[in-house]
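Heads up: the structure comes next, in structure tokens.
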Amino acid sequence: MKTQPCERCPKPSKVHLAYGPHWYCADHFNRFFEERIKRTIRTNRLFKPRDKLLIAVSGGKDSMTLLHVLAKEYAKTNELHALIIDEGIKEYREKAIQIATDYCKKIQVPFTVVSHKEEFGFTNDEYAPLILDETLPGKGACGYCGTFRKTIMNRYAKKLGATVLATGHNLDDEAQNVLMNVFDNHLDKMMSLSPRADTIDNKLVVPRIKPLYETPEKDIVAYANLNHIPHYAEECCPYSFAAKRNDFRLLLNQFETNYPGTKFSLLRFLQDLKANAKPMHKSHELKTCEHCGEIAVEKKCQACQKKELIQQTLKSHSTKTLTRKNPKNRSCNQTKRM
Ligand code: AMP
Ligand code: ZN
């Protein structure tokens with residue numbers, strides 16, 4: 001492809017965004033990237049000055065970029081704190097946590113590391129192989145891990161006095177969610193997708209926000225590389241290869257290559273649908289878990305139900321040797337480079 005000049009100045013472009021199309025030099029790309037996130041925050045009223053933000057940081061490119069941009073743009077108006085969850089996945093998460101904690105220290109954002117082991121009594125390495133070999137029910141380890149992660153996030157948001165909880169979910173994640181819900185015929189779930197998830201009682205559940213939900217993953221990779229934001233990029237989670245989401249990621253990336261703008265179209269489709277459709281009320285009565293006090297639909301919350309099941313299964317399998325099984329032909333197909 002022939003080199004184009006930046007569309008805002010005479011310098012040669014460094015970044016080409018096919019969906020625009022846009023050609024930007026490094027400075028103008030940075031400005032474009034940061035302004036878009038600020039616009040998402042403003043137009044969706046994700047938070048206001050003086051809100052205390054808890055940022056869920058995994059050490060991956062999305063949440064490290066989110067941390068970087070929020071610290072750069074909002075440290076003067078908002079108190080920021082990072083939450084790093086250690087699921088107990090040898091090597092993979094250990095390295096990511098090191099990168100995340102080092103960066104928090106460097107940019108002076110206070111942080112808290114919380115482990116599944118301390119909160120629930122077991123690590124992912126202890127129970128995930130039991131899901132993969134079908135001893136524990138479920139379509140993959142992500143369902144369990146995601147439930148535990150959500151519970152920890154909400155628990156610590158309350159403990160730390162945060163008024164919003166920010167995650168690094170990006171446009172690709174949201175476009176995948178739309179498509180997955182269409183394929184699964186889950187209209188109610190699709191209609192509840194939002195850059196800001198509020199419940200009736202914000203004291204029980206801290207609102208979760210997605211400031212990157214209009215930012216494509218590829219742009220995040222470019223921004224992280226241009227700005228030398230450290231992040232863990234060596235491999236994806238050793239237990240996520242079976243996730244259905246990986247097939248949707250692959251499909252959408254193929255469409256985006258052939259038809260640039262597909263991911264934005266899916267997001268705009270959802271936004272138009274939500275603006276024009278009647279609200280779908282499928283709200284459950286709000287209860288608190290009788291074990292841990294978190295939000296629950298039944299007597300016990302999802303996390304406590306899953307915790308109990310894992311504890312019982314681990315007891316009866318204490319002698320079995322557990323291994324990770326990641327067939328070489330499956331990968332998470334994440335965008336690693338521009
Ligand atoms: P993922 O589902 O892995 O794409 O993660 C989505 C978002 O959840 C990340 O961008 C983070 O904000 C948050 N997250 C995932 N894993 C962790 C973790 N171990 N610690 C803190 N936040 C996490
Ligand atoms: Zn509970």
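By convention here, the chains of the structure tokens are called A, B, ... in the order presented, each chain's residues are numbered starting at 1, and ligands are numbered starting at 1 in the order presented.
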* Around ligand 1, at most 10 Å away and counting only C-alpha atoms and all ligand atoms, which residues are there? Put them as a PyMOL selection string, please. => chain A and resi 54-67+82-89+93-94+96-97+100+112-116+142+145-146+149-150+152-153+165-170+172-173+209-210+212+236-237+240+334
task: Show me which residues sit within 10 Å of ligand 2 when counting only C-alpha atoms and all ligand atoms, and put them as an MDAnalysis selection string.
output: chainID A and resid 151 288:296 298:307
Using only C-alpha atoms, which of the listed residues (A:Ile107, A:Ala141, A:His228, A:Thr147) sits closest to Phe120 (chain A)?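 Smallest distance to Phe120 (chain A) is found for A:Thr147.
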For the structure I just gave you, how does DSSP split region 140-266 of chain A - specifically, which residues are alpha helix (DSSP H)? Reply as a ChimeraX atom specification. /A:142-159,171-183,187-191,217-226,245-258,262-266
Fill in: Selection near Lys278 (chain A), 12 Å with only C-alpha atoms, sequence-local residues under 4 positions removed, as JSON, numbers by chain
{"A": [188, 191, 272, 273, 274]}
*Atom pair CA of Ile41 (chain A) / CA of Leu53 (chain A): separation (Å)*: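 CA of Leu53 (chain A) lies at a distance of 12.6 Å from CA of Ile41 (chain A).
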Need to verify the contact set: Gly140 (chain A), 8 Å, only C-alpha atoms, exclusion of same-chain residues closer than 4 positions in sequence. Can you return it as a compact mmCIF listing (two decimals) with N, CA and C atoms, in the first residue's frame?
# COMPACT_ATOMS: atom_id res chain seq x y z
N ILE A 131 -13.25 -29.09 34.68
CA ILE A 131 -14.33 -28.67 33.76
C ILE A 131 -13.98 -29.19 32.37
N LEU A 132 -12.69 -29.08 32.03
CA LEU A 132 -12.27 -29.50 30.69
C LEU A 132 -12.44 -31.00 30.49
N TYR A 144 -17.15 -20.23 34.99
CA TYR A 144 -16.84 -20.23 36.42
C TYR A 144 -15.98 -19.02 36.77
N TYR A 239 -6.99 -21.74 29.62
CA TYR A 239 -8.28 -22.43 29.76
C TYR A 239 -9.37 -21.87 28.85
N SER A 240 -9.04 -20.85 28.05
CA SER A 240 -10.11 -20.20 27.27
C SER A 240 -10.21 -20.71 25.84
N ALA A 242 -11.47 -23.24 24.60
CA ALA A 242 -12.73 -23.89 24.22
C ALA A 242 -13.88 -22.90 24.11
N ALA A 243 -13.63 -21.64 24.45
CA ALA A 243 -14.75 -20.69 24.51
C ALA A 243 -15.34 -20.42 23.12
Give me, as a ChimeraX atom specification, the residues of region 43-284 of chain A that a backbone DSSP run labels strand (DSSP E). /A:52-56,79-86,111-115,164-166,196-197,208-209
CA of Asn78 (chain A) sits from CA of Phe47 (chain A) at a separation of 9.3 Å
Nearby residues (only C-alpha atoms) at most 12 Å from Thr215 (chain A), same-chain spacing under 2 positions excluded, as JSON, numbers by chain = {"A": [17, 19, 32, 33, 34, 35, 36, 37, 38, 39, 40, 41, 62, 65, 66, 168, 169, 170, 171, 172, 173, 174, 175, 195, 210, 211, 212, 213, 217, 218, 219, 220, 221, 222, 223, 261, 263, 264, 267]}
Item to check | Residues within 12 Å of Gln312 (chain A), only C-alpha atoms, excluding chain neighbours under 3 positions, as an MDAnalysis selection string | outcome: chainID A and resid 122 127 130 135:136 305:309 315:318
Prev. selection, C-alpha atoms, output as a PDB file, in the first residue's frame:
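Produced file result-v7.pdb, reproduced below:
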ATOM      1  CA  PHE A 122      -9.025 -22.607  45.354  1.00  0.00           C
ATOM      2  CA  TYR A 127     -10.501 -26.651  39.330  1.00  0.00           C
ATOM      3  CA  LEU A 130     -12.081 -30.707  36.062  1.00  0.00           C
ATOM      4  CA  THR A 135     -16.065 -33.895  35.793  1.00  0.00           C
ATOM      5  CA  LEU A 136     -17.608 -30.513  36.590  1.00  0.00           C
ATOM      6  CA  GLN A 305     -23.269 -22.106  44.230  1.00  0.00           C
ATOM      7  CA  LYS A 306     -20.255 -22.674  41.990  1.00  0.00           C
ATOM      8  CA  LYS A 307     -17.836 -22.493  44.916  1.00  0.00           C
ATOM      9  CA  GLU A 308     -19.752 -25.223  46.742  1.00  0.00           C
ATOM     10  CA  LEU A 309     -19.811 -27.461  43.669  1.00  0.00           C
ATOM     11  CA  LYS A 315     -12.636 -33.297  47.742  1.00  0.00           C
ATOM     12  CA  SER A 316     -13.607 -36.410  45.788  1.00  0.00           C
ATOM     13  CA  HIS A 317     -10.833 -35.896  43.218  1.00  0.00           C
ATOM     14  CA  SER A 318      -7.968 -35.070  45.549  1.00  0.00           C
TER      15      SER A 318
END
Checklist entry - Using only C-alpha atoms, which of A:Ala18, A:Ala128, A:Val205, A:Leu179 sits nearest Pro238 (chain A)? => result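 The closest residue to Pro238 (chain A) is A:Ala128.
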Shortest contact to Asn225 (chain A), candidates A:Arg245, A:Leu70, A:Glu119, A:Lys14, atoms counted only C-alpha atoms, goes to A:Lys14
